[in-house]
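This is my_file25.txt. It holds compact mmCIF, C-alpha atoms.
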```
# COMPACT_ATOMS: atom_id res chain seq x y z
CA MET A 1 0.00 0.00 0.00
CA LYS A 2 2.85 2.36 0.88
CA CYS A 3 4.52 1.59 -2.44
CA LYS A 4 1.35 2.46 -4.36
CA LEU A 5 1.00 5.77 -2.51
CA THR A 6 4.62 6.60 -3.30
CA THR A 7 4.08 5.83 -6.98
CA LEU A 8 0.95 7.98 -7.12
CA LEU A 9 2.80 10.82 -5.41
CA LEU A 10 5.64 10.63 -7.92
CA ILE A 11 3.17 10.64 -10.81
CA LEU A 12 1.46 13.68 -9.32
CA ILE A 13 4.76 15.52 -8.89
CA VAL A 14 5.80 14.73 -12.47
CA SER A 15 2.42 15.87 -13.77
CA ILE A 16 2.64 19.15 -11.88
CA ALA A 17 6.18 19.71 -13.08
CA SER A 18 5.16 18.99 -16.66
CA ALA A 19 2.24 21.38 -16.40
CA GLN A 20 4.50 24.10 -15.05
CA LYS A 21 6.96 23.62 -17.91
CA LYS A 22 4.28 23.79 -20.59
CA LYS A 23 5.05 26.30 -23.30
CA TRP A 24 2.16 27.61 -25.35
CA THR A 25 1.93 27.86 -29.11
CA LEU A 26 0.08 30.70 -30.81
CA GLU A 27 -2.77 28.40 -31.82
CA GLU A 28 -3.16 27.21 -28.22
CA CYS A 29 -3.16 30.77 -26.92
CA VAL A 30 -5.81 31.89 -29.40
CA ALA A 31 -8.04 28.89 -28.69
CA TYR A 32 -7.68 29.29 -24.92
CA ALA A 33 -8.42 33.02 -25.05
CA VAL A 34 -11.58 32.49 -27.07
CA GLU A 35 -12.70 29.76 -24.69
CA ASN A 36 -12.00 31.57 -21.41
CA ASN A 37 -12.25 35.31 -22.04
CA LEU A 38 -14.68 36.99 -19.62
CA SER A 39 -16.03 39.42 -22.21
CA ILE A 40 -16.87 36.52 -24.49
CA GLU A 41 -18.69 34.77 -21.65
CA GLN A 42 -20.74 37.94 -21.08
CA TYR A 43 -21.62 38.17 -24.77
CA GLU A 44 -22.62 34.51 -24.74
CA LEU A 45 -25.03 35.27 -21.90
CA ASP A 46 -26.42 38.15 -23.96
CA LEU A 47 -26.95 35.69 -26.78
CA GLU A 48 -28.90 33.40 -24.44
CA ASN A 49 -31.08 36.39 -23.51
CA THR A 50 -31.89 37.11 -27.15
CA LYS A 51 -32.92 33.48 -27.61
CA LEU A 52 -35.32 33.89 -24.67
CA ASP A 53 -36.72 37.01 -26.35
CA GLU A 54 -37.40 34.89 -29.43
CA SER A 55 -39.26 32.38 -27.27
CA ASP A 56 -41.31 35.21 -25.72
CA ALA A 57 -42.23 36.56 -29.15
CA PHE A 58 -43.34 33.11 -30.33
CA GLY A 59 -45.42 32.68 -27.18
CA ASP A 60 -47.26 35.94 -27.91
CA LEU A 61 -48.67 34.32 -31.07
CA LEU A 62 -50.27 31.50 -29.06
CA PRO A 63 -53.53 31.65 -27.09
CA ASN A 64 -53.20 31.87 -23.33
CA LEU A 65 -55.08 29.75 -20.83
CA ASN A 66 -55.75 30.80 -17.24
CA GLY A 67 -57.80 29.34 -14.45
CA SER A 68 -59.20 31.00 -11.35
CA SER A 69 -61.05 29.89 -8.27
CA THR A 70 -62.61 31.78 -5.38
CA MET A 71 -63.82 30.39 -2.07
CA SER A 72 -65.66 32.58 0.45
CA SER A 73 -67.83 32.33 3.51
CA ASN A 74 -70.39 34.96 4.47
CA THR A 75 -72.05 35.41 7.85
CA GLY A 76 -74.93 37.82 8.17
CA PHE A 77 -76.43 39.76 5.38
CA SER A 78 -75.66 38.46 1.89
CA ILE A 79 -77.29 37.80 -1.46
CA ASN A 80 -78.61 34.30 -2.11
CA PRO A 81 -76.96 33.17 -5.38
CA THR A 82 -80.05 31.11 -6.27
CA ASN A 83 -82.61 33.89 -6.49
CA ASN A 84 -80.48 36.99 -5.76
CA ALA A 85 -82.70 37.65 -2.77
CA PRO A 86 -81.30 39.20 0.46
CA THR A 87 -80.63 36.68 3.21
CA ASN A 88 -79.21 36.69 6.71
CA SER A 89 -77.38 33.42 7.22
CA THR A 90 -73.95 31.80 7.04
CA SER A 91 -73.03 30.53 3.56
CA PHE A 92 -70.07 28.93 1.81
CA ASN A 93 -69.51 29.87 -1.85
CA LEU A 94 -67.17 28.53 -4.52
CA ASN A 95 -66.56 30.00 -7.99
CA ALA A 96 -64.23 28.53 -10.63
CA SER A 97 -63.47 29.47 -14.24
CA LEU A 98 -61.14 28.87 -17.18
CA SER A 99 -60.44 31.56 -19.76
CA SER A 100 -58.46 31.76 -22.96
CA ASN A 101 -57.59 34.79 -25.11
CA ILE A 102 -55.87 35.06 -28.46
CA MET A 103 -54.79 38.03 -30.56
CA LEU A 104 -56.20 37.42 -34.03
CA PHE A 105 -54.84 40.55 -35.69
CA ASN A 106 -52.85 43.56 -34.48
CA GLY A 107 -51.30 44.91 -37.62
CA LEU A 108 -48.90 41.92 -37.77
CA GLN A 109 -47.04 43.37 -34.80
CA ASN A 110 -46.63 40.00 -33.06
CA TYR A 111 -45.42 38.37 -36.27
CA ASN A 112 -42.91 41.16 -36.89
CA MET A 113 -41.76 41.02 -33.27
CA LEU A 114 -41.03 37.30 -33.68
CA ASN A 115 -38.96 37.99 -36.80
CA ARG A 116 -37.23 40.84 -34.99
CA ALA A 117 -36.30 38.54 -32.12
CA LYS A 118 -34.82 36.03 -34.58
CA LEU A 119 -32.77 38.79 -36.22
CA SER A 120 -31.65 40.02 -32.82
CA ALA A 121 -30.34 36.54 -31.97
CA ILE A 122 -28.44 36.46 -35.27
CA ALA A 123 -27.01 39.93 -34.61
CA SER A 124 -25.86 38.88 -31.14
CA GLN A 125 -24.10 35.89 -32.68
CA TYR A 126 -22.31 38.18 -35.16
CA ARG A 127 -21.34 40.55 -32.35
CA LEU A 128 -19.92 37.62 -30.40
CA GLU A 129 -17.90 36.44 -33.41
CA ASP A 130 -16.61 39.98 -33.98
CA LEU A 131 -15.38 40.10 -30.38
CA LYS A 132 -13.65 36.76 -30.87
CA ASP A 133 -11.92 38.15 -33.97
CA ASP A 134 -10.66 41.15 -32.00
CA ILE A 135 -9.37 38.88 -29.25
CA ARG A 136 -7.59 36.65 -31.78
CA LEU A 137 -5.77 39.66 -33.20
CA ASN A 138 -4.88 41.00 -29.75
CA VAL A 139 -3.54 37.62 -28.66
CA ALA A 140 -1.52 37.25 -31.86
CA ASN A 141 -0.02 40.71 -31.36
CA ALA A 142 0.86 40.00 -27.73
CA TYR A 143 2.27 36.58 -28.63
CA LEU A 144 4.50 37.97 -31.37
CA GLN A 145 5.64 40.69 -28.96
CA VAL A 146 6.84 38.00 -26.57
CA LEU A 147 8.73 36.28 -29.39
CA SER A 148 10.23 39.57 -30.53
CA ASN A 149 11.42 40.42 -27.02
CA LYS A 150 12.84 36.92 -26.55
CA GLU A 151 14.75 37.05 -29.81
CA THR A 152 16.06 40.53 -28.98
CA LEU A 153 17.24 39.21 -25.62
CA LYS A 154 19.04 36.31 -27.31
CA VAL A 155 20.78 38.75 -29.64
CA ALA A 156 21.87 40.88 -26.67
CA GLN A 157 23.19 37.82 -24.84
CA ALA A 158 25.12 36.67 -27.91
CA GLN A 159 26.57 40.14 -28.34
CA TYR A 160 27.63 40.19 -24.70
CA ALA A 161 29.34 36.80 -25.13
CA VAL A 162 31.40 38.24 -28.00
CA THR A 163 32.25 41.32 -25.95
CA GLU A 164 33.42 39.13 -23.07
CA GLN A 165 35.90 37.48 -25.44
CA ASP A 166 37.08 40.88 -26.64
CA LEU A 167 37.37 42.03 -23.03
CA LYS A 168 39.47 39.03 -22.08
CA ARG A 169 41.77 39.49 -25.05
CA THR A 170 42.12 43.23 -24.42
CA LYS A 171 43.12 42.60 -20.82
CA GLU A 172 45.90 40.35 -22.05
CA LEU A 173 47.04 43.01 -24.52
CA VAL A 174 46.99 45.69 -21.81
CA GLU A 175 48.97 43.51 -19.42
CA SER A 176 51.54 42.88 -22.16
CA GLY A 177 51.70 46.61 -22.91
CA VAL A 178 50.49 46.29 -26.51
CA VAL A 179 47.43 48.57 -26.11
CA PRO A 180 46.75 51.40 -23.67
CA ARG A 181 44.60 50.89 -20.59
CA GLY A 182 42.03 53.30 -22.02
CA ASP A 183 41.05 50.70 -24.61
CA LEU A 184 40.30 48.24 -21.82
CA LEU A 185 38.11 50.80 -20.07
CA GLU A 186 36.22 51.41 -23.31
CA ILE A 187 35.55 47.68 -23.77
CA GLU A 188 34.45 47.39 -20.14
CA ALA A 189 32.00 50.25 -20.67
CA THR A 190 30.63 48.47 -23.73
CA ALA A 191 30.21 45.26 -21.72
CA ALA A 192 28.44 47.13 -18.90
CA ASN A 193 26.08 48.73 -21.42
CA GLN A 194 25.29 45.33 -22.91
CA GLU A 195 24.65 43.90 -19.45
CA GLN A 196 22.14 46.70 -18.94
CA GLN A 197 20.50 45.84 -22.28
CA ILE A 198 20.20 42.21 -21.16
CA VAL A 199 18.53 43.26 -17.91
CA ASN A 200 16.13 45.51 -19.83
CA GLY A 201 15.49 42.70 -22.31
CA GLU A 202 14.63 40.26 -19.52
CA SER A 203 12.20 42.82 -18.09
CA LEU A 204 10.55 43.29 -21.48
CA VAL A 205 10.17 39.52 -21.89
CA LEU A 206 8.56 39.24 -18.46
CA ILE A 207 6.21 42.18 -19.06
CA SER A 208 5.14 40.87 -22.47
CA ARG A 209 4.52 37.39 -21.00
CA ILE A 210 2.36 38.94 -18.29
CA ASN A 211 0.41 40.95 -20.85
CA LEU A 212 -0.26 37.82 -22.88
CA SER A 213 -1.24 35.76 -19.84
CA GLN A 214 -3.69 38.48 -18.77
CA LEU A 215 -5.35 38.29 -22.17
CA LEU A 216 -5.75 34.56 -21.56
CA GLN A 217 -7.10 35.10 -18.02
CA ILE A 218 -4.12 33.14 -16.63
CA THR A 219 -2.77 34.36 -13.29
CA ASP A 220 0.19 32.00 -12.93
CA TYR A 221 2.59 34.49 -14.52
CA GLU A 222 5.76 32.81 -13.29
CA ASN A 223 5.11 29.47 -14.99
CA PHE A 224 3.42 30.83 -18.10
CA ASP A 225 5.62 30.92 -21.19
CA VAL A 226 5.50 30.48 -24.96
CA VAL A 227 7.58 28.30 -27.23
CA ASP A 228 11.14 29.51 -27.74
CA ASP A 229 11.25 28.92 -31.48
CA SER A 230 12.55 31.77 -33.59
CA PHE A 231 10.07 32.08 -36.42
CA ALA A 232 11.14 32.99 -39.91
CA ILE A 233 8.97 35.03 -42.23
CA PRO A 234 6.08 32.69 -43.11
CA PRO A 235 5.39 32.14 -46.81
CA SER A 236 2.31 33.98 -48.01
CA THR A 237 0.59 34.75 -51.30
CA ILE A 238 -1.75 37.35 -49.83
CA LEU A 239 -0.15 40.16 -51.85
CA ASP A 240 -1.15 38.32 -55.02
CA ASN A 241 -4.60 39.76 -54.29
CA SER A 242 -5.33 43.45 -54.57
CA ALA A 243 -6.63 45.45 -51.62
CA LYS A 244 -9.98 45.71 -53.41
CA ASP A 245 -10.18 41.91 -53.78
CA ILE A 246 -9.46 41.47 -50.07
CA TYR A 247 -12.11 44.06 -49.22
CA GLU A 248 -14.74 42.42 -51.43
CA LYS A 249 -14.13 39.06 -49.79
CA ALA A 250 -14.13 40.57 -46.29
CA LEU A 251 -17.59 42.02 -46.95
CA THR A 252 -18.96 38.51 -47.44
CA TYR A 253 -17.93 37.05 -44.09
CA ARG A 254 -16.68 39.72 -41.66
CA SER A 255 -18.76 39.55 -38.48
CA ASP A 256 -18.72 43.31 -37.86
CA ILE A 257 -20.29 43.92 -41.30
CA LYS A 258 -22.83 41.12 -40.76
CA PHE A 259 -23.66 42.66 -37.38
CA SER A 260 -24.33 46.06 -38.97
CA GLU A 261 -26.44 44.48 -41.72
CA SER A 262 -28.47 42.65 -39.07
CA ASN A 263 -29.05 45.94 -37.24
CA VAL A 264 -30.48 47.43 -40.45
CA GLU A 265 -32.88 44.50 -40.76
CA ILE A 266 -33.85 44.86 -37.09
CA SER A 267 -34.58 48.57 -37.63
CA GLU A 268 -36.75 47.68 -40.62
CA LYS A 269 -38.77 45.33 -38.42
CA ASP A 270 -39.06 48.04 -35.76
CA LEU A 271 -40.54 50.35 -38.38
CA LYS A 272 -43.08 47.71 -39.40
CA ILE A 273 -43.97 47.12 -35.75
CA ALA A 274 -44.50 50.85 -35.22
CA LYS A 275 -46.70 51.10 -38.33
CA GLY A 276 -48.71 48.10 -37.12
CA ALA A 277 -50.13 50.26 -34.33
CA LEU A 278 -52.13 52.17 -36.99
CA TYR A 279 -54.30 49.12 -37.69
CA PRO A 280 -57.31 47.88 -35.69
CA THR A 281 -56.75 44.97 -33.32
CA LEU A 282 -59.02 41.95 -33.21
CA SER A 283 -58.88 39.48 -30.32
CA GLY A 284 -60.96 36.45 -29.39
CA PHE A 285 -61.85 34.98 -26.03
CA VAL A 286 -63.48 31.87 -24.52
CA ASN A 287 -64.58 31.58 -20.87
CA TYR A 288 -65.89 28.56 -19.00
CA GLY A 289 -67.13 28.84 -15.40
CA SER A 290 -69.28 27.31 -12.69
CA ARG A 291 -70.16 27.88 -9.03
CA TYR A 292 -71.32 26.26 -5.79
CA SER A 293 -73.09 27.60 -2.68
CA ASP A 294 -74.43 25.71 0.33
CA VAL A 295 -77.46 28.04 0.51
CA THR A 296 -78.56 27.23 -3.00
CA LEU A 297 -82.12 25.91 -3.07
CA LEU A 298 -83.64 24.09 -6.02
CA ALA A 299 -86.97 22.25 -6.41
CA ASP A 300 -86.97 18.51 -6.84
CA SER A 301 -89.46 16.45 -8.84
CA ASN A 302 -91.99 16.82 -6.01
CA ASN A 303 -91.47 20.60 -6.04
CA MET A 304 -89.73 20.36 -2.69
CA PRO A 305 -86.69 22.64 -2.09
CA TYR A 306 -83.30 21.00 -1.61
CA THR A 307 -79.58 21.94 -1.78
CA PRO A 308 -77.73 20.09 -4.59
CA SER A 309 -74.32 18.57 -3.90
CA LEU A 310 -71.03 20.18 -4.96
CA THR A 311 -70.66 18.07 -8.10
CA ASP A 312 -74.31 18.57 -9.02
CA GLN A 313 -74.08 22.37 -8.69
CA LEU A 314 -70.83 22.55 -10.68
CA TRP A 315 -72.60 20.63 -13.44
CA ILE A 316 -75.89 22.60 -13.22
CA PHE A 317 -74.40 26.09 -13.07
CA ASP A 318 -71.56 25.73 -15.57
CA GLY A 319 -71.52 27.86 -18.70
CA ILE A 320 -69.42 28.95 -21.65
CA SER A 321 -69.04 32.42 -23.11
CA TYR A 322 -67.06 33.35 -26.18
CA GLY A 323 -66.69 36.25 -28.50
CA ALA A 324 -64.38 38.71 -30.18
CA GLN A 325 -63.27 42.23 -29.43
CA LEU A 326 -62.35 44.86 -32.00
CA ASN A 327 -60.37 47.98 -31.09
CA ILE A 328 -59.96 50.74 -33.64
CA PRO A 329 -57.28 53.38 -32.96
CA VAL A 330 -58.62 56.85 -33.65
CA PHE A 331 -56.42 59.28 -31.74
CA ASN A 332 -53.65 58.58 -29.25
CA GLY A 333 -52.00 61.94 -28.78
CA PHE A 334 -49.57 61.58 -31.75
CA SER A 335 -47.78 58.71 -29.96
CA VAL A 336 -48.19 56.25 -32.83
CA LYS A 337 -47.16 58.83 -35.42
CA ASN A 338 -44.10 59.84 -33.41
CA ASN A 339 -43.08 56.23 -32.81
CA ILE A 340 -43.16 55.64 -36.56
CA LYS A 341 -40.93 58.66 -37.11
CA ARG A 342 -38.51 57.48 -34.42
CA ALA A 343 -38.34 54.04 -36.02
CA ALA A 344 -37.72 55.60 -39.45
CA ILE A 345 -34.90 57.73 -38.01
CA SER A 346 -33.39 54.69 -36.32
CA LEU A 347 -33.49 52.83 -39.64
CA GLU A 348 -31.63 55.62 -41.39
CA LYS A 349 -29.03 55.69 -38.62
CA SER A 350 -28.53 51.93 -38.96
CA LYS A 351 -28.03 52.30 -42.71
CA LEU A 352 -25.52 55.09 -42.19
CA GLN A 353 -23.69 53.00 -39.57
CA LEU A 354 -23.48 50.11 -42.03
CA GLU A 355 -21.94 52.38 -44.66
CA GLN A 356 -19.56 53.79 -42.06
CA ASP A 357 -18.50 50.30 -41.01
CA LYS A 358 -17.86 49.40 -44.64
CA LEU A 359 -15.73 52.53 -45.06
CA ASN A 360 -13.83 51.69 -41.87
CA LEU A 361 -13.23 48.14 -43.09
CA GLU A 362 -12.01 49.37 -46.46
CA SER A 363 -9.74 51.90 -44.76
CA ASN A 364 -8.34 49.27 -42.39
CA ILE A 365 -7.66 46.87 -45.25
CA GLN A 366 -6.00 49.57 -47.34
CA GLN A 367 -3.85 50.51 -44.34
CA ALA A 368 -3.01 46.87 -43.64
CA TYR A 369 -2.10 46.35 -47.29
CA VAL A 370 0.23 49.36 -47.25
CA ASP A 371 1.67 48.25 -43.89
CA VAL A 372 2.56 44.81 -45.24
CA THR A 373 4.41 46.34 -48.19
CA THR A 374 6.08 48.99 -46.01
CA PHE A 375 7.19 46.66 -43.24
CA ARG A 376 8.44 44.09 -45.73
CA LYS A 377 10.65 46.74 -47.31
CA ALA A 378 11.74 47.89 -43.85
CA TYR A 379 12.68 44.33 -42.92
CA GLU A 380 14.60 43.82 -46.17
CA ALA A 381 16.39 47.13 -45.64
CA ALA A 382 17.22 46.16 -42.05
CA GLU A 383 18.73 42.88 -43.24
CA LYS A 384 20.87 44.68 -45.80
CA THR A 385 21.97 47.17 -43.17
CA LEU A 386 22.88 44.36 -40.78
CA GLU A 387 24.92 42.62 -43.46
CA ALA A 388 26.81 45.83 -44.18
CA ARG A 389 27.32 46.53 -40.47
CA ARG A 390 28.70 43.03 -39.91
CA LEU A 391 31.18 43.44 -42.77
CA ALA A 392 32.22 46.79 -41.36
CA TYR A 393 32.50 45.28 -37.88
CA ASN A 394 34.67 42.41 -39.13
CA TYR A 395 36.94 44.89 -40.87
CA SER A 396 37.10 47.02 -37.73
CA LYS A 397 37.88 43.96 -35.61
CA GLU A 398 40.77 43.04 -37.87
CA ARG A 399 42.17 46.55 -37.55
CA PHE A 400 41.56 46.59 -33.78
CA ASP A 401 43.31 43.24 -33.36
CA VAL A 402 46.48 44.57 -35.01
CA GLY A 403 46.34 47.89 -33.18
CA LEU A 404 45.22 50.04 -36.12
CA MET A 405 41.95 51.10 -34.44
CA ASN A 406 41.32 52.34 -30.93
CA ALA A 407 38.76 50.79 -28.60
CA PHE A 408 36.31 53.68 -28.88
CA ASP A 409 35.97 53.39 -32.66
CA PHE A 410 35.77 49.61 -32.34
CA SER A 411 32.99 49.94 -29.76
CA GLN A 412 31.09 52.25 -32.09
CA ALA A 413 31.32 49.66 -34.86
CA GLN A 414 30.05 46.98 -32.49
CA SER A 415 27.24 49.26 -31.28
CA ARG A 416 26.12 49.82 -34.87
CA VAL A 417 25.95 46.03 -35.35
CA ASP A 418 23.94 45.70 -32.15
CA ASN A 419 21.44 48.31 -33.29
CA ALA A 420 21.19 46.72 -36.73
CA GLU A 421 20.46 43.28 -35.26
CA ALA A 422 17.80 44.77 -32.98
CA ASP A 423 16.23 46.51 -35.98
CA VAL A 424 16.10 43.21 -37.88
CA VAL A 425 14.26 41.50 -35.02
CA ARG A 426 11.83 44.39 -34.56
CA THR A 427 11.01 44.84 -38.26
CA LYS A 428 10.69 41.07 -38.76
CA TYR A 429 7.96 40.66 -36.16
CA ASP A 430 6.29 43.90 -37.20
CA TYR A 431 6.13 42.50 -40.72
CA ILE A 432 4.82 39.10 -39.53
CA PHE A 433 2.03 40.71 -37.51
CA ARG A 434 0.94 43.00 -40.37
CA LEU A 435 1.03 40.04 -42.71
CA LYS A 436 -1.22 38.05 -40.38
CA ILE A 437 -3.64 40.97 -40.09
CA LEU A 438 -4.01 41.18 -43.85
CA GLU A 439 -4.44 37.42 -44.13
CA PHE A 440 -7.02 37.56 -41.35
CA TYR A 441 -9.08 40.08 -43.34
CA PHE A 442 -8.94 37.61 -46.23
CA GLY A 443 -10.33 34.83 -44.04
CA ILE A 444 -7.06 32.96 -43.34
CA PRO A 445 -6.79 31.75 -39.71
CA ILE A 446 -3.97 33.10 -37.56
CA VAL A 447 -1.24 30.43 -37.43
CA LEU A 448 2.54 30.49 -37.46
CA ASN A 449 4.15 28.01 -39.81
```
Mind converting the file's structure to structure tokens?
Amino acid sequence: MKCKLTTLLLILIVSIASAQKKKWTLEECVAYAVENNLSIEQYELDLENTKLDESDAFGDLLPNLNGSSTMSSNTGFSINPTNNAPTNSTSFNLNASLSSNIMLFNGLQNYNMLNRAKLSAIASQYRLEDLKDDIRLNVANAYLQVLSNKETLKVAQAQYAVTEQDLKRTKELVESGVVPRGDLLEIEATAANQEQQIVNGESLVLISRINLSQLLQITDYENFDVVDDSFAIPPSTILDNSAKDIYEKALTYRSDIKFSESNVEISEKDLKIAKGALYPTLSGFVNYGSRYSDVTLLADSNNMPYTPSLTDQLWIFDGISYGAQLNIPVFNGFSVKNNIKRAAISLEKSKLQLEQDKLNLESNIQQAYVDVTTFRKAYEAAEKTLEARRLAYNYSKERFDVGLMNAFDFSQAQSRVDNAEADVVRTKYDYIFRLKILEFYFGIPIVLN
């Protein structure tokens, strides 16, 4: 038994350790954020509410059915329910009824309200999907920021490792009297500056990891981390399409556009509902009732008075009434007319909002298209600059090694390489993110290959 407990404990420890060492991919982060985001959960509850509204609207088309019952006891003066004559006695009375009402016609308001509720549920679904899209983009941006900061940190650490070798060699040259001590001090200053960059880089990695974990609603910041892979520029053919082609396709599936279109349809139903109040309303009703009283007196076959039993009275005094009621609106203080105007104004506002959302989408796609081209050129330029800086640095190192360049000029050459490498990392991830945004507008899921 003790052996089994020990084995279970070891398995538990290994499982916990494995969970703590888990490193998240972008796809896992996006899926987790969509599944656990609090705003999404609130929007999902809103969607459930709209579905209940649809059920309410459907129920308004159906007839209702209500029952009622009244029991009372009177002592003293009362009215005999048999002959409506005054009496002075103690009596027990029971009344029961069933009633049903149905709206036969009200200007199709109930029908339009049902369709409106269905459209409202669809609109809530589009709004939920639009929120998920925003979260996917935010997570992707935060994720790539972590990768960018990690890669920048690796570059700084590699640069510091090279500087340590230069520092060691310079110390030897100073001790042998080949180079002045000032060169050593210059190299030491460069190393100290790189150490500071490493500290800053570690802070940026931690902050970006925290930002990403907060988007995922994960509070275990210390153990949360992403994969350490250094991603290259993913292959993409998105620029084979024009910005107009991307925009035309985005119009067919983007949730924010579908949401605005649904709002226009909802406003159209609201206008029909408001106009429905101009029409007469016709409703029908059916009532069934009966009663019992212990002071009821009826004559039997011998013309002798007697009080029927409960079941006999409920059968004798039951009755059905039915009919219809017509209401014709004549004047209601301009309320109907004003409601129609308000609905018409709301419809126009919805149409304008739809056009504005289309313009915003087109503007965002145009900007994203330009950004992809711009950041690609910036990345290519940064790579060329880095290559040139490395060649210049290698030349400077050769001169420094043979004493033809002082430490200050050599440090400047190394600093220019450092800056160029940092620019390559920054522009690379800027380009990747803009590329993913443009692909996302085209309907391509956010993944890193």
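If you count only C-alpha atoms and draw a sphere of 6 Å around (-44.9, 42.5, -36.9), the protein and nucleic acid residues inside it come out as A:Leu108, A:Gln109, A:Asn110, A:Tyr111, A:Asn112, A:Met113, A:Ile273.
Excluding Ala161 (chain A) and any residue on its chain fewer than 5 positions from it, the residues at most 12 Å away by all atoms listed in the file are Lys154, Val155, Ala156, Asp166, Leu167, Lys168, Thr190, Ala191, Gln194, Glu195 and Ile198 of chain A.
One finds CA of Ile446 (chain A) at 28.6 Å from CA of Lys384 (chain A).
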- Message: Show me, as number ranges by chain, the residues that have an atom within 9 Å of Leu212 (chain A) when counting all atoms listed in the file, minus same-chain residues fewer than 5 positions from it.
- Response: A: 29, 138-139, 141-143, 145-146, 207, 217-218
Export C-alpha atoms of the chosen residues as a CSV table (one decimal), in the frame of the given file?
```csv
chain,number,residue,atom,x,y,z
A,29,CYS,CA,-3.2,30.8,-26.9
A,138,ASN,CA,-4.9,41.0,-29.8
A,139,VAL,CA,-3.5,37.6,-28.7
A,141,ASN,CA,0.0,40.7,-31.4
A,142,ALA,CA,0.9,40.0,-27.7
A,143,TYR,CA,2.3,36.6,-28.6
A,145,GLN,CA,5.6,40.7,-29.0
A,146,VAL,CA,6.8,38.0,-26.6
A,207,ILE,CA,6.2,42.2,-19.1
A,217,GLN,CA,-7.1,35.1,-18.0
A,218,ILE,CA,-4.1,33.1,-16.6
```
- Task: Write out as a ChimeraX atom specification each polymer residue whose atoms come within 12 Å of Glu387 (chain A), counting all atoms listed in the file; drop sequence neighbours fewer than 6 positions from it.
- Result: /A:380-381,393-394,416-418,420-421,424
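When all atoms listed in the file are used to measure the gap to Asn200 (chain A), the shortest distance among A:Glu172, A:Asn364, A:Thr152, A:Glu222 belongs to A:Thr152.
In this structure, CA of Ser208 (chain A) sits 29.2 Å away from CA of Asn360 (chain A).
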- Item | Exercise: Lys132 (chain A) partners within 9 Å, only C-alpha atoms, chain neighbours under 5 positions left out, as a PyMOL selection string | chain A and resi 33-34+40+127+137
- Residue contacts of Asn88 (chain A) (8 Å, only C-alpha atoms) excluding same-chain residues fewer than 3 positions away, as a PyMOL selection string: chain A and resi 75-78
Could you produce a table of the residues of region 77-188 of chain A lying within 8 Å of region 283-305 of chain A, with the nearest pair of atoms per residue and their separation in Å rounded to one decimal, using all atoms listed in the file, ordered by chain and increasing residue number, as CSV?
```
residue,atom,partner,partner_atom,distance
A:Asn80,CA,A:Val295,CA,6.9
A:Pro81,CA,A:Thr296,CA,6.6
A:Thr82,CA,A:Thr296,CA,5.3
A:Ser91,CA,A:Val295,CA,5.9
A:Phe92,CA,A:Ser293,CA,5.6
A:Asn93,CA,A:Ser293,CA,4.3
A:Leu94,CA,A:Tyr292,CA,4.9
A:Asn95,CA,A:Arg291,CA,4.3
A:Ala96,CA,A:Ser290,CA,5.6
A:Ser97,CA,A:Gly289,CA,3.9
A:Leu98,CA,A:Tyr288,CA,5.1
A:Ser99,CA,A:Asn287,CA,4.3
A:Ser100,CA,A:Val286,CA,5.3
A:Asn101,CA,A:Phe285,CA,4.4
A:Ile102,CA,A:Gly284,CA,5.4
A:Met103,CA,A:Ser283,CA,4.3
A:Leu104,CA,A:Ser283,CA,5.0
A:Phe105,CA,A:Ser283,CA,6.8
```
Output as JSON the centre and edge lengths (Å, one decimal) of the box along x, y and z of the file that holds every listed atom of region 150-167 of chain A after adding 6 Å on each side.
```
{"center_x": 25.1, "center_y": 39.2, "center_z": -26.4, "size_x": 36.5, "size_y": 17.7, "size_z": 18.8}
```
